[in-house]
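*Asks:* Below is one structure. I have some questions about it.
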Amino acid sequence: MSAAESPVVLEVRRLHVDIRAASAVVHPVRDVSFQVRRGETLCIVGESGCGKSMTSLALMGLLPRAALRRAQALDFLGEDLLQASASRQNALRGDRMAMVFQEPMTALNPAYTIGEQLVEHYRHHRGASLAQARERAVELLHKVGIASAAERLRQYPHQLSGGLRQRVMIAMALMCAPELLIADEPSTALDVTIQAQILRLLADLQRELGIAMVLITHDLGVVARIADRVAVMYAGQVVEEGTAAEIFARPRHPYTRGLLECIPVPGRTAPGSRLGSIAGVVPSLAGELRGCAFRARCPQAQSACLQEIALREAGAGRRWRCVIDEESVIPAQAEIQNALGPDLRGDKARRVVQ
Amino acid sequence: MSALLRAEGLRRTFSVSAGAFRPRRLLHAVNGVDIGVERGGVLGIVGESGCGKSTLARMLLGLTPPTAGSIFLDGQDVSTLDRRAVARRIQPVFQDPYSSLNPRRTVASIVAFPLEVHAIGGKAQRRAQAIEMLERVGLPARYADLTPGQLSGGQRQRVAIARALVMKPEIVVCDEPTSALDVSVQAQILNLLLDLRESFQLTYVFISHNLAVVEHIATQVAVMYLGRVVEFAATRTLFARPQHPYTQALLASVLTPDPALGIPDTGLGLAFPDPLHPPSGCAFHPRCPHRVAGCERELPALVDTGAGRVACHLFPPQETAR
């Protein structure tokens with residue numbers, strides 16, 4: 001892939017987010033590192049509470065007031081965002097780096113027309129005239145596949161369907177031709193047929209404009225179809241990272257493996273068969289983490305999991321956080337269940353909540 | 001073949017305000033639906049938002065009275081039966097376990113509540129029954145006195161399932177039961193539903209927009225579009241050989257976790273039509289890649305093609321078969 005040699009747009013090293021709560025300090029993001037290159041799509045995947053949205057807000061500098069961001073490095077196009085002043089961050093946000101949110105109805109202002117919202121920040125960042133900004137807005141609405149764009153500019157968000165609203169959000173994010181696009185669950189609130197259209201649009205635009213994209217999602221199907229590289233997050237940490245092909249064909253971390261076995265796949269999982277599931281619940285994010293965060297739910301947990309887990313590397317960009325090195329040592333969960341025998345399997349629903 | 005639960009010509013119309021001084025408009029949420037499910041079967045209902053699948057579920061549960069048509073339970077018209085007697089036999093599980101459980105009651109009292117409503121047993125006996133059912137769905141007795149706020153999403157959905165099953169119903173109507181849950185929890189709940197179906201000989205009506213989940217759990221699938229069933233077939237047949245262009249597009253939109261495949265082009269056009277102004281003829285015709293002359297004028301009938309029933313002009317009714 002040519003993206004592998006293209007320049008790094010975003011470099012994140014040892015990012016932490018701490019939230020001071022009443023009784024303890026909560027750590028929704030712990031020691032997250034990754035980089036995104038020009039023309040590359042990095043998917044951050046994980047379940048609710050794994051810190052993926054907090055990571056995206058930390059990158060944009062949009063964290064809630066109570067949350068504190070610290071990192072070893074947060075470089076955007078060679079510029080250190082950690083040192084950037086508030087006004088400098090404001091200048092970058094919406095211009096060089098843009099964001100698409102999950103729910104376009106809440107992200108768009110219901111009291112202003114689409115046109116007013118599209119031109120506002122373009123005029124702010126570029127000092128363009130209203131006519132120039134309008135022209136740019138029409139051009140972008142066409143680009144995201146909205147017909148009769150001039151007419152749409154006069155409409156309010158509630159007059160558009162969910163899919164159209166999300167297209168408007170994408171057009172708005174692209175107004176200033178950003179280098180980095182962060183999309184947080186951009187297709188989750190949409191119907192399946194519309195979801196495919198929106199993802200296709202994002203992928204096409206990303207390729208055409210050479211944007212670096214960070215796409216945050218919980219949906220492994222979306223990840224498989226759109227990602228160049230994948231970072232799997234669990235309890236605030238990136239537990240595995242690699243190319244999409246690697247992650248889906250040879251997952252190294254037991255959590256990634258567990259996630260992949262949880263989803264029914266048409267044509268692959270036998271209808272009515274038991275799906276794999278991950279026993280237990282996500283650990284609390286309060287206080288310091290000792291050892292592997294996944295060990296309480298891990299079928300391969302051992303005493304070494306209580307120690308600090310070193311990040312293992314196999315080639316460029318292929319990393320995982322597990323004491324088990326060899327992929328062949330980790331049997332598929334289905335095989336473990338078979339080895340446990342039918343009695344234990346039948347009792348699984350009960351063990352799951354321990 | 002006698003269906004345990006059957007809907008015939010079921011319709012539900014809502015009158016919707018179109019603005020302060022404008023006449024109210026009619027929204028045909030469910031517009032003539034005939035479906036049925038046999039004892040022990042799982043009827044999957046799929047479709048996009050606004051297709052009427054939740055209204056259909058509410059009618060089957062007796063929560064929304066139909067505007068026209070009838071629902072038959074074991075051959076008897078439910079409108080002639082006692083409301084409570086029907087409620088004992090058909091129980092719901094809803095999508096959002098955060099809003100479907102009373103946050104101020106304990107888990108045990110939530111699960112025992114249907115028994116209380118139907119005045120079954122004494123207080124202690126009801127609690128014992130509730131705890132037994134909680135254990136059956138994977139929540140040990142120590143959870144009995146917690147409130148929903150102290151539980152995770154998956155645990156709450158287990159409480160909702162226990163509440164549905166404590167009445168020992170024959171049919172459980174699940175409306176998007178796993179949509180609000182994380183994938184690992186979704187798998188636990190699906191496994192549980194499959195287990196319970198076997199041990200209690202349950203019949204499910206399973207409503208979901210997630211086709212992979214429906215393929216996994218359902219024995220028959222009805223595909224809905226703007227208030228009508230456009231295809232109804234055995235699960236295996238429907239997924240192997242989808243006939244209606246809308247079903248084909250829906251199946252093509254499923255993103256299986258296969259990085260070798262790109263993002264599919266559904267070829268469906270941009271907009272989902274406004275249910276208040278449904279297109280004429282076949283409601284799907286403005287988005288249909290295979291439309292022929294007549295699609296915009298005439299409503300296609302649901303015809304038996306030998307591989308399920310399809311409402312599409314590409315499958316004309318066979319006169320000779322009559």
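The way I read the labels, and the way they are meant: chains A, B, ... in the order of the structure tokens, residue 1 as the first residue of every chain, and ligand 1 as the first ligand shown, with later ones counted on from there.
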Leaving out Glu170 in chain B and any residue of its chain fewer than 2 positions from it, which residues lie within 10 Å of it when counting only C-alpha atoms, given as a list in words?

*Replies:*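 So, after excluding close chain neighbours, the residues are Leu4, Leu5, Arg39, Gly40, Arg88, Arg89, Ile90, Gln91, Leu165, Met167, Lys168, Val172, Arg197, Phe200, Gln201, Leu202, Thr203 and Tyr204 of chain B.
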
*Asks:* From a DSSP calculation on the backbone, collect every residue of range 234-276 of chain A in alpha helix (DSSP H) and output the set as number ranges by chain.

*Replies:* A: 244-249, 254-262

*Asks:* I'd like the neighbourhood of Ala304 in chain A as number ranges by chain, where a residue qualifies if any of its atoms comes within 9 Å (using only C-alpha atoms), though same-chain residues fewer than 3 positions away should be ignored.

*Replies:* A: 291, 301, 307-309, 323

*Asks:* Restricting the calculation to only C-alpha atoms: of A:Glu151, A:Glu139, A:Glu240, A:Glu246, which residue gets closest to chain B?

*Replies:*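 Closest residue, counting only C-alpha atoms: A:Glu246.
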
*Asks:* Got a sec: who's within 9 Å of Ala310 in chain A, counting only C-alpha atoms, leaving out chain neighbours fewer than 3 positions off, as a list in words?

*Replies:*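 Counting only C-alpha atoms, the residues come to Trp320, Arg321, Cys322 and Val323 of chain A.
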
*Asks:* I need the residues from that last selection saved to file as a short mmCIF file (atom, residue, chain, number, x, y, z; two decimals), in the first residue's frame (with N, CA and C atoms), if you can.

*Replies:*
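Output (again36.cif):
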```
data_model
loop_
_atom_site.label_atom_id
_atom_site.label_comp_id
_atom_site.auth_asym_id
_atom_site.auth_seq_id
_atom_site.Cartn_x
_atom_site.Cartn_y
_atom_site.Cartn_z
N TRP A 320 0.80 -5.98 19.90
CA TRP A 320 -0.28 -6.42 20.78
C TRP A 320 0.24 -6.54 22.19
N ARG A 321 -0.67 -6.47 23.14
CA ARG A 321 -0.34 -6.42 24.55
C ARG A 321 -0.82 -7.70 25.20
N CYS A 322 0.01 -8.76 25.19
CA CYS A 322 -0.42 -10.02 25.78
C CYS A 322 0.82 -10.80 26.16
N VAL A 323 0.71 -11.60 27.23
CA VAL A 323 1.86 -12.40 27.65
C VAL A 323 2.10 -13.56 26.69
#
```

*Asks:* Counting only C-alpha atoms, which residues of chain A come no farther than 6 Å from chain B, as a ChimeraX atom specification?

*Replies:* /A:47,191,193,196,200,220-221,224-225,245,262,264,266,271-272,274-275,277-278,349-350

*Asks:* Tyr143 in chain B: which residues within 12 Å, counting only C-alpha atoms, same-chain residues fewer than 2 positions away excluded, as a list of chain:residue names?

*Replies:* A:Val353, A:Gln354, B:Thr106, B:Val107, B:Ala108, B:Ser109, B:Val111, B:Ala130, B:Ile131, B:Glu132, B:Leu134, B:Glu135, B:Val137, B:Gly138, B:Leu139, B:Pro140, B:Ala141, B:Asp145, B:Leu146, B:Thr147, B:Pro148, B:Gly149, B:Gln150, B:Leu151, B:Ser152, B:Gln155, B:Arg156, B:Arg158, B:Val159

*Asks:* Write a file of the selected residues as a short mmCIF file (atom, residue, chain, number, x, y, z; two decimals), in the first residue's frame, keeping N, CA and C atoms.

*Replies:*
```cif
data_model
loop_
_atom_site.label_atom_id
_atom_site.label_comp_id
_atom_site.auth_asym_id
_atom_site.auth_seq_id
_atom_site.Cartn_x
_atom_site.Cartn_y
_atom_site.Cartn_z
N VAL A 353 -22.12 -14.06 34.14
CA VAL A 353 -22.31 -12.84 34.92
C VAL A 353 -21.41 -12.74 36.14
N GLN A 354 -20.55 -13.73 36.36
CA GLN A 354 -19.73 -13.71 37.58
C GLN A 354 -18.93 -12.43 37.68
N THR B 106 -36.63 -2.93 42.82
CA THR B 106 -35.55 -3.90 42.80
C THR B 106 -35.79 -4.89 41.67
N VAL B 107 -34.72 -5.56 41.30
CA VAL B 107 -34.79 -6.52 40.21
C VAL B 107 -35.85 -7.59 40.49
N ALA B 108 -35.87 -8.09 41.72
CA ALA B 108 -36.83 -9.16 42.04
C ALA B 108 -38.27 -8.65 41.91
N SER B 109 -38.52 -7.41 42.34
CA SER B 109 -39.90 -6.93 42.27
C SER B 109 -40.30 -6.60 40.83
N VAL B 111 -39.29 -8.37 38.23
CA VAL B 111 -39.59 -9.66 37.61
C VAL B 111 -40.90 -10.22 38.17
N ALA B 130 -39.64 -15.31 41.05
CA ALA B 130 -38.84 -14.31 40.34
C ALA B 130 -37.36 -14.66 40.44
N ILE B 131 -36.92 -15.05 41.65
CA ILE B 131 -35.50 -15.35 41.83
C ILE B 131 -35.12 -16.59 41.03
N GLU B 132 -36.03 -17.55 40.99
CA GLU B 132 -35.76 -18.76 40.22
C GLU B 132 -35.57 -18.40 38.74
N LEU B 134 -34.72 -15.45 37.53
CA LEU B 134 -33.48 -14.67 37.39
C LEU B 134 -32.28 -15.60 37.27
N GLU B 135 -32.27 -16.66 38.11
CA GLU B 135 -31.15 -17.60 38.04
C GLU B 135 -31.14 -18.30 36.69
N VAL B 137 -31.98 -17.11 33.87
CA VAL B 137 -31.44 -16.26 32.80
C VAL B 137 -30.02 -15.79 33.11
N GLY B 138 -29.41 -16.36 34.16
CA GLY B 138 -28.00 -16.07 34.40
C GLY B 138 -27.73 -14.95 35.38
N LEU B 139 -28.71 -14.60 36.22
CA LEU B 139 -28.47 -13.62 37.27
C LEU B 139 -28.63 -14.30 38.63
N PRO B 140 -27.52 -14.53 39.34
CA PRO B 140 -27.60 -15.22 40.63
C PRO B 140 -28.46 -14.43 41.63
N ALA B 141 -28.93 -15.13 42.68
CA ALA B 141 -29.87 -14.55 43.64
C ALA B 141 -29.36 -13.27 44.28
N ASP B 145 -31.91 -7.94 44.96
CA ASP B 145 -32.31 -6.71 45.63
C ASP B 145 -31.58 -5.47 45.13
N LEU B 146 -30.92 -5.60 43.97
CA LEU B 146 -30.31 -4.43 43.36
C LEU B 146 -31.36 -3.70 42.51
N THR B 147 -31.08 -2.45 42.19
CA THR B 147 -31.96 -1.72 41.27
C THR B 147 -31.31 -1.73 39.88
N PRO B 148 -32.10 -1.48 38.82
CA PRO B 148 -31.53 -1.54 37.47
C PRO B 148 -30.30 -0.65 37.29
N GLY B 149 -30.25 0.48 38.00
CA GLY B 149 -29.11 1.39 37.87
C GLY B 149 -27.79 0.76 38.26
N GLN B 150 -27.84 -0.32 39.05
CA GLN B 150 -26.61 -0.98 39.49
C GLN B 150 -26.17 -2.09 38.54
N LEU B 151 -26.94 -2.29 37.46
CA LEU B 151 -26.63 -3.38 36.53
C LEU B 151 -26.09 -2.85 35.21
N SER B 152 -25.37 -3.72 34.49
CA SER B 152 -24.90 -3.36 33.15
C SER B 152 -26.04 -3.56 32.15
N GLN B 155 -27.02 -7.19 31.73
CA GLN B 155 -27.73 -7.71 32.90
C GLN B 155 -29.17 -7.19 32.93
N ARG B 156 -29.35 -5.93 32.54
CA ARG B 156 -30.70 -5.38 32.50
C ARG B 156 -31.55 -6.12 31.49
N ARG B 158 -31.23 -9.16 30.67
CA ARG B 158 -31.57 -10.43 31.30
C ARG B 158 -32.77 -10.28 32.23
N VAL B 159 -32.81 -9.15 32.96
CA VAL B 159 -33.95 -8.89 33.84
C VAL B 159 -35.23 -8.79 32.99
#
```

*Asks:* May I have the residues within 9 Å of Ala283 in chain B as a list of chain:residue names, using only C-alpha atoms and disregarding those fewer than 6 positions away in the same chain?

*Replies:*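 Non-adjacent residues within range: B:Tyr225, B:Leu226, B:Arg228, B:Pro273, B:Cys295, B:Glu296, B:Leu299.
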
*Asks:* As an MDAnalysis selection string, please: the residues near range 124-134 of chain A (cut-off 8 Å, only C-alpha atoms, same-chain neighbours under 5 positions excluded).

*Replies:* chainID A and resid 91 95 115 119 176

*Asks:* Can you tell me, as a PyMOL selection string, which residues in range 11-128 of chain A count as strand (DSSP E or B) by DSSP?

*Replies:* chain A and resi 11-20+25-37+41-45+67-70+73-76+79-80+93+97-100

*Asks:* Provide the CA of Ala86 in chain A to CA of Arg70 in chain A distance in Å, to one decimal place.

*Replies:*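 Computed distance, CA of Ala86 in chain A to CA of Arg70 in chain A, equals 15.4 Å.
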
*Asks:* Take CA of Arg152 in chain A and CA of Asp204 in chain A and report the distance between them in Å, one decimal.

*Replies:* 22.4 Å
